Amino acid sequence: MVVSLLKLPFKLLALPVALAVTIAKWVGVFLTSFAGVLFYIFSGLSFVLAVLSYLMGISTGAEAIRMLVVGFVAFVLPFAAGWVIGVVDALSDSLWDFIKS
């Protein structure tokens with residue numbers, strides 16, 4: 001009984017933080033999903049452009065490798081953003097668990 005009364009002020013302080021983190025998670029998921037589509041299209045075009053320009057002799061091997069690296073980085077960025085969203089989601093879940101306890 002005493003412990004729950006001592007936790008009450010901390011739970012009240014954690015409530016707006018949990019709401020803010022949850023809203024940030026939702027916004028992050030939306031932006032990551034939208035940007036992911038754009039980055040996947042860009043990385044696919046970069047890959048096709050690098051391969052075709054090398055095969056047609058328009059670019060050298062080093063230029064084609066640079067285009068492939070740019071395409072790969074653009075492909076990996078949404079996964080890195082998804083990891084950050086996962087960390088924010090875990091923080092949000094732990095805050096809500098603390099408030100519900």
# chains A, B, ... in the order shown; residues from 1 in each chain; ligands from 1
call {"tool": "closest_atom_pairs", "arguments": {"of": "region 50-101 of chain A", "to": "region 20-37 of chain A", "cutoff": "8 Å", "atoms": "only C-alpha atoms", "output": "tab-separated table"}}
result
residue	atom	partner	partner_atom	distance
A:Leu77	CA	A:Gly36	CA	7.9
A:Pro78	CA	A:Gly36	CA	5.2
A:Ala81	CA	A:Thr32	CA	6.5
A:Gly82	CA	A:Thr32	CA	7.0
A:Ile85	CA	A:Lys25	CA	6.4
A:Val88	CA	A:Lys25	CA	6.2
A:Asp89	CA	A:Lys25	CA	6.3
A:Leu91	CA	A:Val21	CA	7.7
A:Ser92	CA	A:Val21	CA	5.8
call {"tool": "atom_distance", "arguments": {"atom1": "CA of Leu5 (chain A)", "atom2": "CA of Ser94 (chain A)"}}
result
19.8 Å
call {"tool": "residues_around", "arguments": {"residues": "Phe10 (chain A)", "least_positions_apart": "6", "cutoff": "12 Å", "atoms": "only C-alpha atoms", "output": "PyMOL selection string"}}
result
chain A and resi 3-4+16-18+95+98-101
call {"tool": "closest_residue", "arguments": {"among": "A:Pro9, A:Phe47, A:Val84, A:Leu52", "to": "Met67 (chain A)", "atoms": "only C-alpha atoms"}}
result
A:Phe47
call {"tool": "decode", "arguments": {"residues": "region 45-63 of chain A", "atoms": "N, CA, C and O atoms", "output": "mmCIF file, in the first residue's frame"}}
result
data_model
loop_
_atom_site.group_PDB
_atom_site.id
_atom_site.type_symbol
_atom_site.label_atom_id
_atom_site.label_comp_id
_atom_site.auth_asym_id
_atom_site.auth_seq_id
_atom_site.Cartn_x
_atom_site.Cartn_y
_atom_site.Cartn_z
ATOM 1 N N LEU A 45 16.561 2.052 -58.684
ATOM 2 C CA LEU A 45 16.977 2.803 -59.869
ATOM 3 C C LEU A 45 18.493 2.980 -59.926
ATOM 4 O O LEU A 45 19.098 2.900 -61.000
ATOM 5 N N SER A 46 19.101 3.203 -58.783
ATOM 6 C CA SER A 46 20.551 3.347 -58.731
ATOM 7 C C SER A 46 21.236 2.051 -59.148
ATOM 8 O O SER A 46 22.232 2.070 -59.894
ATOM 9 N N PHE A 47 20.721 0.923 -58.708
ATOM 10 C CA PHE A 47 21.289 -0.376 -59.081
ATOM 11 C C PHE A 47 21.171 -0.615 -60.578
ATOM 12 O O PHE A 47 22.142 -0.981 -61.249
ATOM 13 N N VAL A 48 19.971 -0.395 -61.113
ATOM 14 C CA VAL A 48 19.752 -0.613 -62.550
ATOM 15 C C VAL A 48 20.612 0.333 -63.373
ATOM 16 O O VAL A 48 21.226 -0.066 -64.373
ATOM 17 N N LEU A 49 20.675 1.591 -62.957
ATOM 18 C CA LEU A 49 21.486 2.574 -63.670
ATOM 19 C C LEU A 49 22.967 2.202 -63.631
ATOM 20 O O LEU A 49 23.667 2.313 -64.651
ATOM 21 N N ALA A 50 23.452 1.738 -62.499
ATOM 22 C CA ALA A 50 24.867 1.363 -62.390
ATOM 23 C C ALA A 50 25.187 0.175 -63.284
ATOM 24 O O ALA A 50 26.191 0.189 -64.017
ATOM 25 N N VAL A 51 24.338 -0.836 -63.257
ATOM 26 C CA VAL A 51 24.605 -2.036 -64.060
ATOM 27 C C VAL A 51 24.509 -1.728 -65.547
ATOM 28 O O VAL A 51 25.399 -2.095 -66.331
ATOM 29 N N LEU A 52 23.455 -1.044 -65.963
ATOM 30 C CA LEU A 52 23.281 -0.765 -67.384
ATOM 31 C C LEU A 52 24.331 0.201 -67.916
ATOM 32 O O LEU A 52 24.824 0.028 -69.045
ATOM 33 N N SER A 53 24.689 1.211 -67.126
ATOM 34 C CA SER A 53 25.704 2.151 -67.609
ATOM 35 C C SER A 53 27.060 1.473 -67.728
ATOM 36 O O SER A 53 27.837 1.791 -68.638
ATOM 37 N N TYR A 54 27.359 0.534 -66.860
ATOM 38 C CA TYR A 54 28.624 -0.197 -66.979
ATOM 39 C C TYR A 54 28.596 -1.138 -68.178
ATOM 40 O O TYR A 54 29.561 -1.226 -68.934
ATOM 41 N N LEU A 55 27.479 -1.843 -68.356
ATOM 42 C CA LEU A 55 27.386 -2.782 -69.483
ATOM 43 C C LEU A 55 27.399 -2.067 -70.830
ATOM 44 O O LEU A 55 27.903 -2.602 -71.817
ATOM 45 N N MET A 56 26.858 -0.865 -70.904
ATOM 46 C CA MET A 56 26.826 -0.115 -72.165
ATOM 47 C C MET A 56 28.080 0.719 -72.381
ATOM 48 O O MET A 56 28.212 1.379 -73.402
ATOM 49 N N GLY A 57 28.978 0.717 -71.388
ATOM 50 C CA GLY A 57 30.235 1.440 -71.522
ATOM 51 C C GLY A 57 30.122 2.927 -71.263
ATOM 52 O O GLY A 57 31.024 3.687 -71.617
ATOM 53 N N ILE A 58 29.038 3.366 -70.657
ATOM 54 C CA ILE A 58 28.861 4.790 -70.374
ATOM 55 C C ILE A 58 29.694 5.198 -69.161
ATOM 56 O O ILE A 58 30.213 6.311 -69.105
ATOM 57 N N SER A 59 29.837 4.306 -68.200
ATOM 58 C CA SER A 59 30.626 4.613 -67.006
ATOM 59 C C SER A 59 31.711 3.566 -66.826
ATOM 60 O O SER A 59 31.624 2.449 -67.335
ATOM 61 N N THR A 60 32.725 3.955 -66.066
ATOM 62 C CA THR A 60 33.799 3.015 -65.764
ATOM 63 C C THR A 60 33.384 2.129 -64.591
ATOM 64 O O THR A 60 32.336 2.341 -63.977
ATOM 65 N N GLY A 61 34.213 1.177 -64.294
ATOM 66 C CA GLY A 61 33.920 0.267 -63.183
ATOM 67 C C GLY A 61 33.864 0.978 -61.845
ATOM 68 O O GLY A 61 33.014 0.683 -61.002
ATOM 69 N N ALA A 62 34.749 1.951 -61.634
ATOM 70 C CA ALA A 62 34.775 2.682 -60.359
ATOM 71 C C ALA A 62 33.508 3.519 -60.186
ATOM 72 O O ALA A 62 32.946 3.588 -59.086
ATOM 73 N N GLU A 63 33.048 4.140 -61.268
ATOM 74 C CA GLU A 63 31.812 4.921 -61.179
ATOM 75 C C GLU A 63 30.609 4.029 -60.905
ATOM 76 O O GLU A 63 29.711 4.381 -60.142
#
